[in-house]
Every structure is written in C-alpha cells, then in structure tokens.
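For reference, structure.pdb (PDB, C-alpha atoms, pLDDT in the B column):
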```pdb
ATOM      1  CA  MET A   3       0.000   0.000   0.000  1.00 50.00           C
ATOM      2  CA  SER A   4       1.363   3.384  -0.917  1.00 52.00           C
ATOM      3  CA  ARG A   5       2.027   6.026   1.675  1.00 46.00           C
ATOM      4  CA  ARG A   6      -0.701   8.273   0.181  1.00 48.00           C
ATOM      5  CA  THR A   7      -3.290   5.470   0.375  1.00 47.00           C
ATOM      6  CA  ALA A   8      -2.313   4.644   3.966  1.00 42.00           C
ATOM      7  CA  LEU A   9      -2.661   8.307   4.998  1.00 39.00           C
ATOM      8  CA  SER A  10      -6.061   8.555   3.292  1.00 48.00           C
ATOM      9  CA  VAL A  11      -7.298   5.439   5.083  1.00 43.00           C
ATOM     10  CA  ALA A  12      -5.977   6.712   8.429  1.00 41.00           C
ATOM     11  CA  ALA A  13      -7.616  10.129   7.909  1.00 42.00           C
ATOM     12  CA  GLY A  14     -10.895   8.424   7.011  1.00 46.00           C
ATOM     13  CA  LEU A  15     -10.800   6.326  10.189  1.00 41.00           C
ATOM     14  CA  VAL A  16     -10.175   9.418  12.306  1.00 41.00           C
ATOM     15  CA  VAL A  17     -13.159  11.190  10.713  1.00 40.00           C
ATOM     16  CA  LEU A  18     -15.426   8.148  11.122  1.00 39.00           C
ATOM     17  CA  GLY A  19     -14.252   7.627  14.692  1.00 44.00           C
ATOM     18  CA  GLY A  20     -14.987  11.257  15.545  1.00 43.00           C
ATOM     19  CA  ALA A  21     -18.442  11.055  14.008  1.00 43.00           C
ATOM     20  CA  GLY A  22     -19.138   7.846  15.940  1.00 43.00           C
ATOM     21  CA  ALA A  23     -18.033   9.422  19.221  1.00 42.00           C
ATOM     22  CA  LEU A  24     -20.241  12.450  18.553  1.00 39.00           C
ATOM     23  CA  THR A  25     -23.210  10.184  17.834  1.00 40.00           C
ATOM     24  CA  LEU A  26     -22.646   8.252  21.069  1.00 40.00           C
ATOM     25  CA  ALA A  27     -22.263  11.451  23.082  1.00 43.00           C
ATOM     26  CA  TYR A  28     -25.506  12.799  21.641  1.00 47.00           C
ATOM     27  CA  ALA A  29     -27.375   9.528  22.201  1.00 46.00           C
ATOM     28  CA  GLY A  30     -26.199   9.439  25.815  1.00 58.00           C
ATOM     29  CA  ASP A  31     -27.451  12.949  26.540  1.00 72.00           C
ATOM     30  CA  GLN A  32     -31.091  12.719  25.470  1.00 78.00           C
ATOM     31  CA  PRO A  33     -33.610  15.148  27.010  1.00 88.00           C
ATOM     32  CA  LEU A  34     -36.061  14.167  29.740  1.00 96.00           C
ATOM     33  CA  LYS A  35     -39.058  12.503  28.094  1.00 97.00           C
ATOM     34  CA  LEU A  36     -42.514  11.235  29.133  1.00 98.00           C
ATOM     35  CA  ALA A  37     -44.249   8.418  27.253  1.00 98.00           C
ATOM     36  CA  HIS A  38     -47.241   6.077  27.484  1.00 98.00           C
ATOM     37  CA  SER A  39     -49.176   8.246  29.965  1.00 98.00           C
ATOM     38  CA  THR A  40     -52.615   6.940  30.948  1.00 98.00           C
ATOM     39  CA  ALA A  41     -55.229   7.864  33.543  1.00 98.00           C
ATOM     40  CA  ARG A  42     -58.097   5.706  34.820  1.00 98.00           C
ATOM     41  CA  TYR A  43     -60.845   7.115  37.028  1.00 98.00           C
ATOM     42  CA  THR A  44     -63.321   4.878  38.829  1.00 98.00           C
ATOM     43  CA  ALA A  45     -66.195   6.596  40.622  1.00 98.00           C
ATOM     44  CA  PRO A  46     -67.212   5.458  44.091  1.00 98.00           C
ATOM     45  CA  ALA A  47     -70.260   3.183  44.132  1.00 97.00           C
ATOM     46  CA  GLY A  48     -72.344   2.327  47.173  1.00 95.00           C
ATOM     47  CA  ASP A  49     -69.989   1.796  50.102  1.00 95.00           C
ATOM     48  CA  ARG A  50     -66.994   1.193  47.821  1.00 97.00           C
ATOM     49  CA  ASP A  51     -64.426   3.957  47.292  1.00 98.00           C
ATOM     50  CA  GLY A  52     -63.355   4.894  43.788  1.00 98.00           C
ATOM     51  CA  SER A  53     -59.847   5.655  42.568  1.00 98.00           C
ATOM     52  CA  LEU A  54     -57.662   7.614  40.208  1.00 98.00           C
ATOM     53  CA  ALA A  55     -54.729   5.752  38.714  1.00 98.00           C
ATOM     54  CA  PHE A  56     -52.096   7.409  36.537  1.00 98.00           C
ATOM     55  CA  ASP A  57     -49.139   5.665  34.869  1.00 98.00           C
ATOM     56  CA  THR A  58     -46.283   7.029  32.763  1.00 98.00           C
ATOM     57  CA  ASP A  59     -42.777   6.112  31.626  1.00 98.00           C
ATOM     58  CA  VAL A  60     -40.031   8.687  32.142  1.00 98.00           C
ATOM     59  CA  THR A  61     -36.654   8.562  30.399  1.00 98.00           C
ATOM     60  CA  ALA A  62     -33.602  10.652  31.315  1.00 97.00           C
ATOM     61  CA  SER A  63     -29.984   9.847  30.493  1.00 96.00           C
ATOM     62  CA  SER A  64     -28.850  11.233  33.877  1.00 96.00           C
ATOM     63  CA  GLY A  65     -31.558   9.321  35.761  1.00 96.00           C
ATOM     64  CA  VAL A  66     -34.920  10.419  37.138  1.00 97.00           C
ATOM     65  CA  LYS A  67     -34.956  12.326  40.429  1.00 97.00           C
ATOM     66  CA  SER A  68     -38.712  12.883  40.897  1.00 98.00           C
ATOM     67  CA  VAL A  69     -42.089  12.769  39.200  1.00 98.00           C
ATOM     68  CA  LYS A  70     -44.927  14.920  40.537  1.00 98.00           C
ATOM     69  CA  VAL A  71     -48.565  14.513  39.536  1.00 98.00           C
ATOM     70  CA  LEU A  72     -51.536  16.875  39.737  1.00 98.00           C
ATOM     71  CA  ALA A  73     -55.089  16.217  38.510  1.00 98.00           C
ATOM     72  CA  TRP A  74     -57.000  19.377  37.587  1.00 97.00           C
ATOM     73  CA  PRO A  75     -60.466  20.050  36.142  1.00 97.00           C
ATOM     74  CA  GLN A  76     -60.657  21.544  32.669  1.00 97.00           C
ATOM     75  CA  ASP A  77     -62.804  24.397  33.978  1.00 94.00           C
ATOM     76  CA  SER A  78     -60.237  25.481  36.591  1.00 95.00           C
ATOM     77  CA  SER A  79     -58.053  28.568  36.582  1.00 94.00           C
ATOM     78  CA  PHE A  80     -55.208  26.448  35.150  1.00 93.00           C
ATOM     79  CA  ALA A  81     -57.071  26.374  31.826  1.00 90.00           C
ATOM     80  CA  LYS A  82     -56.832  30.156  31.562  1.00 91.00           C
ATOM     81  CA  ASP A  83     -53.601  30.858  33.475  1.00 93.00           C
ATOM     82  CA  GLU A  84     -51.321  28.067  32.303  1.00 93.00           C
ATOM     83  CA  LEU A  85     -50.093  25.638  34.933  1.00 95.00           C
ATOM     84  CA  THR A  86     -46.395  26.146  35.719  1.00 96.00           C
ATOM     85  CA  ALA A  87     -43.625  24.153  37.380  1.00 95.00           C
ATOM     86  CA  LYS A  88     -44.060  26.450  40.399  1.00 96.00           C
ATOM     87  CA  ASP A  89     -47.717  25.349  40.644  1.00 95.00           C
ATOM     88  CA  MET A  90     -46.485  21.754  40.781  1.00 97.00           C
ATOM     89  CA  ALA A  91     -44.185  22.377  43.782  1.00 91.00           C
ATOM     90  CA  HIS A  92     -46.651  20.883  46.272  1.00 95.00           C
ATOM     91  CA  ALA A  93     -48.101  18.210  43.986  1.00 98.00           C
ATOM     92  CA  GLU A  94     -47.919  14.602  45.119  1.00 98.00           C
ATOM     93  CA  SER A  95     -45.131  12.316  43.979  1.00 98.00           C
ATOM     94  CA  ALA A  96     -45.553   9.219  41.847  1.00 98.00           C
ATOM     95  CA  VAL A  97     -43.845   5.968  42.786  1.00 98.00           C
ATOM     96  CA  CYS A  98     -41.231   5.051  40.168  1.00 98.00           C
ATOM     97  CA  LYS A  99     -39.450   1.769  39.478  1.00 98.00           C
ATOM     98  CA  PRO A 100     -36.667   1.054  36.948  1.00 97.00           C
ATOM     99  CA  SER A 101     -37.927  -0.406  33.674  1.00 97.00           C
ATOM    100  CA  GLY A 102     -34.973   0.045  31.320  1.00 91.00           C
ATOM    101  CA  LYS A 103     -31.505   1.521  31.020  1.00 92.00           C
ATOM    102  CA  ASP A 104     -32.537   5.175  31.468  1.00 95.00           C
ATOM    103  CA  THR A 105     -36.295   4.664  31.966  1.00 97.00           C
ATOM    104  CA  VAL A 106     -38.525   4.391  35.016  1.00 98.00           C
ATOM    105  CA  SER A 107     -42.168   3.358  35.115  1.00 98.00           C
ATOM    106  CA  CYS A 108     -44.134   5.656  37.429  1.00 98.00           C
ATOM    107  CA  THR A 109     -47.502   5.122  39.085  1.00 98.00           C
ATOM    108  CA  TYR A 110     -49.711   7.488  41.034  1.00 98.00           C
ATOM    109  CA  ARG A 111     -52.785   6.128  42.835  1.00 98.00           C
ATOM    110  CA  VAL A 112     -55.283   7.940  45.032  1.00 98.00           C
ATOM    111  CA  LYS A 113     -58.498   6.816  46.697  1.00 98.00           C
ATOM    112  CA  VAL A 114     -61.663   8.762  45.782  1.00 98.00           C
ATOM    113  CA  THR A 115     -64.322   8.764  48.500  1.00 98.00           C
ATOM    114  CA  ALA A 116     -68.020   9.466  47.908  1.00 97.00           C
ATOM    115  CA  SER A 117     -67.473  12.849  49.575  1.00 96.00           C
ATOM    116  CA  ASP A 118     -64.541  13.626  47.243  1.00 96.00           C
ATOM    117  CA  ALA A 119     -66.595  12.691  44.181  1.00 96.00           C
ATOM    118  CA  LYS A 120     -69.603  14.731  45.313  1.00 95.00           C
ATOM    119  CA  SER A 121     -67.519  17.892  45.735  1.00 96.00           C
ATOM    120  CA  SER A 122     -65.516  17.457  42.501  1.00 96.00           C
ATOM    121  CA  PRO A 123     -66.453  19.352  39.338  1.00 97.00           C
ATOM    122  CA  ARG A 124     -68.028  17.174  36.662  1.00 97.00           C
ATOM    123  CA  GLY A 125     -66.507  16.893  33.203  1.00 97.00           C
ATOM    124  CA  THR A 126     -63.043  16.540  31.767  1.00 98.00           C
ATOM    125  CA  TRP A 127     -59.999  16.517  34.027  1.00 98.00           C
ATOM    126  CA  HIS A 128     -56.333  16.601  33.021  1.00 98.00           C
ATOM    127  CA  VAL A 129     -53.304  15.077  34.709  1.00 98.00           C
ATOM    128  CA  ALA A 130     -50.220  17.299  34.790  1.00 98.00           C
ATOM    129  CA  VAL A 131     -46.778  15.782  35.296  1.00 98.00           C
ATOM    130  CA  LEU A 132     -43.535  17.473  36.313  1.00 98.00           C
ATOM    131  CA  ALA A 133     -40.518  15.214  35.872  1.00 98.00           C
ATOM    132  CA  THR A 134     -37.103  16.194  37.202  1.00 98.00           C
ATOM    133  CA  ALA A 135     -33.889  14.478  36.104  1.00 98.00           C
ATOM    134  CA  LYS A 136     -30.892  13.956  38.385  1.00 97.00           C
ATOM    135  CA  ASP A 137     -28.984  16.596  36.378  1.00 96.00           C
ATOM    136  CA  GLY A 138     -31.651  19.179  37.321  1.00 96.00           C
ATOM    137  CA  THR A 139     -33.465  19.426  33.987  1.00 96.00           C
ATOM    138  CA  THR A 140     -37.256  19.350  34.116  1.00 97.00           C
ATOM    139  CA  THR A 141     -40.153  18.764  31.790  1.00 97.00           C
ATOM    140  CA  LEU A 142     -43.773  19.717  32.425  1.00 98.00           C
ATOM    141  CA  ASP A 143     -46.632  18.108  30.538  1.00 98.00           C
ATOM    142  CA  ARG A 144     -49.768  20.050  31.499  1.00 97.00           C
ATOM    143  CA  GLU A 145     -52.094  17.493  29.902  1.00 98.00           C
ATOM    144  CA  ALA A 146     -50.258  14.170  30.014  1.00 98.00           C
ATOM    145  CA  ALA A 147     -53.564  12.267  30.248  1.00 98.00           C
ATOM    146  CA  ASP A 148     -57.281  12.993  30.607  1.00 98.00           C
ATOM    147  CA  PHE A 149     -60.227  11.394  32.382  1.00 98.00           C
ATOM    148  CA  THR A 150     -63.898  12.238  32.927  1.00 98.00           C
ATOM    149  CA  VAL A 151     -65.777  12.687  36.206  1.00 97.00           C
ATOM    150  CA  ARG A 152     -69.497  12.034  35.749  1.00 93.00           C
TER     151      ARG A 152
END
```
Encoded form (structure tokens):
Amino acid sequence: MSRRTALSVAAGLVVLGGAGALTLAYAGDQPLKLAHSTARYTAPAGDRDGSLAFDTDVTASSGVKSVKVLAWPQDSSFAKDELTAKDMAHAESAVCKPSGKDTVSCTYRVKVTASDAKSSPRGTWHVAVLATAKDGTTTLDREAADFTVR
C-alpha cells in the first residue's frame, strides 16, 4: 500500500471515529421525556371507594430524580392561566421503578371517596406531570392524560 493510500485510510478512520463518538455522546445525553401516559378514574359506588390511577414512563440519560402529579379540572383557573412548574411544587409524587436503562415506570394512585366525588367538578380533568432528572433538567406536561368525572 502506498504512503498516500495509507494516509487517506488513516484520515478516514479518524473522521469516522470522531463522528461515531459524537453520535454516542448525543445519544447518551437525550432530554427528559414522558411516554405512554394513561389515567383511569373509577367513581365510588355504594360503600366502595373509587380511585384515580395514573401511569407514565419517564426517560432521562442522567436518571430520574422525581415525578410529581396533579389532577386538575378543565374548567379550573389552570385552563386560563397556564399551569407552571411552580404550581407543581406541592403536587404529590408518583412511585417510580426502573424499567430500562434510562427509563422508570411511574404510578400514582389515590383513593376517591363518595365525599370527594360529590364535591368534585363534573366533566373533563387533566393530569399534569412534572418530571425532574438527576442533572436538574425538568419537563412539564400540562395534559399528560385525561379522564372524565361524571
């Protein structure tokens, strides 16, 4: 192999190696992401309590620090004055368990008593989620899932 050919091959490997390293660095630093969010509401019946169950998957390359959940009626002030991360400060936390390399599966469950249901506005409700990664980044999904109170 000539010296020129050898240098061309070496230069090509350096370029490909650099591109590969950049791709790996980018893939390892993906933003915080929510997926597969669902909400299920069951109204109380007779002497049996109802429930609200919310599930979501959260992915963060640095790991997930916390996931906060807040259910809010469509006709609330949050519909007009958009819900913010500050509004979520006192929201309840979901319970999260590892489900992949950088992913956790999170669940939030709450009992709904007959008294709770009676005093709750009827109609569409939204579930807001604030996820915080271990590196401090956050993502807020104001309407991660919906359910109806009848």
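When CA of Pro33 (chain A) is paired with CA of Val112 (chain A), their separation reads 29.1 Å.
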Using all atoms listed in the file, determine which residues lie at most 9 Å from Ser107 (chain A), disregarding the query and same-chain residues fewer than 5 positions distant; provide the list as a CSV table (one decimal) with C-alpha atoms, keeping the file's coordinate frame.
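Okay, this is what ended up in result_6.csv:
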```csv
chain,number,residue,atom,x,y,z
A,57,ASP,CA,-49.1,5.7,34.9
A,58,THR,CA,-46.3,7.0,32.8
A,59,ASP,CA,-42.8,6.1,31.6
A,60,VAL,CA,-40.0,8.7,32.1
A,61,THR,CA,-36.7,8.6,30.4
A,97,VAL,CA,-43.8,6.0,42.8
A,98,CYS,CA,-41.2,5.1,40.2
A,99,LYS,CA,-39.4,1.8,39.5
A,100,PRO,CA,-36.7,1.1,36.9
A,101,SER,CA,-37.9,-0.4,33.7
A,102,GLY,CA,-35.0,0.0,31.3
```
Spatial neighbours of Ala47 (chain A), max dist 12 Å, all atoms listed in the file, sep filter under 6 positions, as a PyMOL selection string: chain A and resi 53+114-117+119-120
How many Å separate CA of Ala93 (chain A) from CA of Lys70 (chain A)? 5.7 Å
What's the 10 Å shell around Thr86 (chain A), counting all atoms listed in the file, without same-chain residues fewer than 3 positions away, as a list in words? Phe80, Asp83, Asp89, Met90, Ala91, Ala130, Leu132, Leu142, Asp143 and Arg144 of chain A
Selected residue, from A:Val151, A:Ala37, A:Val71, A:Ala81, that lies nearest to Asp118 (chain A) when counting all atoms listed in the file: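 Closest to Asp118 (chain A), using all atoms listed in the file: A:Val151.
Our summary of the geometry notes that CA of Arg152 (chain A) is positioned 6.2 Å from CA of Gly125 (chain A).
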Please evaluate the PyMOL selection byres ((chain A and resi 42) around 9) against the structure above and give the resulting residues as a list of chain:residue names. A:Thr40, A:Ala41, A:Tyr43, A:Thr44, A:Ser53, A:Leu54, A:Ala55, A:Phe56, A:Asp57, A:Asp148, A:Phe149, A:Thr150
Evaluate the PyMOL selection byres ((chain A and resi 141) around 9) here and jot the selected residues down as an MDAnalysis selection string. chainID A and resid 33:36 87 131:135 139:140 142:143
Could you give me the centre and size, in Å to one decimal, of an axis-aligned box around all listed atoms of region 113-126 of chain A with 8 Å added on every side, as JSON?
```
{"center_x": -64.1, "center_y": 13.1, "center_z": 40.7, "size_x": 27.1, "size_y": 28.5, "size_z": 33.8}
```
To test your reading of the syntax: which residues would the PyMOL selection byres ((chain A and resi 129) around 6) return for the file shown? Reply as a PyMOL selection string. chain A and resi 72-73+128+130+145-147
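With only C-alpha atoms as the basis for measurement, A:Ser122 is the residue among A:Ser63, A:Ser122, A:Gln76, A:Ser68 that approaches Ala45 (chain A) most closely.
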Of A:Tyr110, A:Ser39, A:Gly52, A:Asp77, the one sitting nearest Glu94 (chain A) when using all atoms listed in the file is A:Tyr110
Please return region 97-108 of chain A, rebuilt to N, CA and C atoms, as a PDB file, keeping the file's coordinate frame.
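Result went into part_19.pdb, see below:
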```
ATOM      1  N   VAL A  97     -44.802   7.001  42.399  1.00 98.00           N
ATOM      2  CA  VAL A  97     -43.845   5.968  42.786  1.00 98.00           C
ATOM      3  C   VAL A  97     -43.237   5.421  41.495  1.00 98.00           C
ATOM      4  N   CYS A  98     -41.913   5.455  41.400  1.00 98.00           N
ATOM      5  CA  CYS A  98     -41.231   5.051  40.168  1.00 98.00           C
ATOM      6  C   CYS A  98     -40.326   3.852  40.415  1.00 98.00           C
ATOM      7  N   LYS A  99     -40.305   2.953  39.420  1.00 98.00           N
ATOM      8  CA  LYS A  99     -39.450   1.769  39.478  1.00 98.00           C
ATOM      9  C   LYS A  99     -38.704   1.647  38.159  1.00 98.00           C
ATOM     10  N   PRO A 100     -37.439   1.214  38.190  1.00 97.00           N
ATOM     11  CA  PRO A 100     -36.667   1.054  36.948  1.00 97.00           C
ATOM     12  C   PRO A 100     -37.368   0.103  35.984  1.00 97.00           C
ATOM     13  N   SER A 101     -37.330   0.464  34.696  1.00 97.00           N
ATOM     14  CA  SER A 101     -37.927  -0.406  33.674  1.00 97.00           C
ATOM     15  C   SER A 101     -37.089  -0.456  32.405  1.00 97.00           C
ATOM     16  N   GLY A 102     -35.879   0.040  32.466  1.00 91.00           N
ATOM     17  CA  GLY A 102     -34.973   0.045  31.320  1.00 91.00           C
ATOM     18  C   GLY A 102     -33.706   0.775  31.698  1.00 91.00           C
ATOM     19  N   LYS A 103     -32.803   0.897  30.739  1.00 92.00           N
ATOM     20  CA  LYS A 103     -31.505   1.521  31.020  1.00 92.00           C
ATOM     21  C   LYS A 103     -31.647   2.911  31.635  1.00 92.00           C
ATOM     22  N   ASP A 104     -32.367   3.801  30.991  1.00 95.00           N
ATOM     23  CA  ASP A 104     -32.537   5.175  31.468  1.00 95.00           C
ATOM     24  C   ASP A 104     -34.000   5.494  31.757  1.00 95.00           C
ATOM     25  N   THR A 105     -34.852   4.467  31.861  1.00 97.00           N
ATOM     26  CA  THR A 105     -36.295   4.664  31.966  1.00 97.00           C
ATOM     27  C   THR A 105     -36.833   4.126  33.286  1.00 97.00           C
ATOM     28  N   VAL A 106     -37.792   4.863  33.852  1.00 98.00           N
ATOM     29  CA  VAL A 106     -38.525   4.391  35.016  1.00 98.00           C
ATOM     30  C   VAL A 106     -40.013   4.378  34.674  1.00 98.00           C
ATOM     31  N   SER A 107     -40.722   3.449  35.276  1.00 98.00           N
ATOM     32  CA  SER A 107     -42.168   3.358  35.115  1.00 98.00           C
ATOM     33  C   SER A 107     -42.781   3.912  36.395  1.00 98.00           C
ATOM     34  N   CYS A 108     -43.609   4.957  36.266  1.00 98.00           N
ATOM     35  CA  CYS A 108     -44.134   5.656  37.429  1.00 98.00           C
ATOM     36  C   CYS A 108     -45.644   5.473  37.547  1.00 98.00           C
TER      37      CYS A 108
END
```
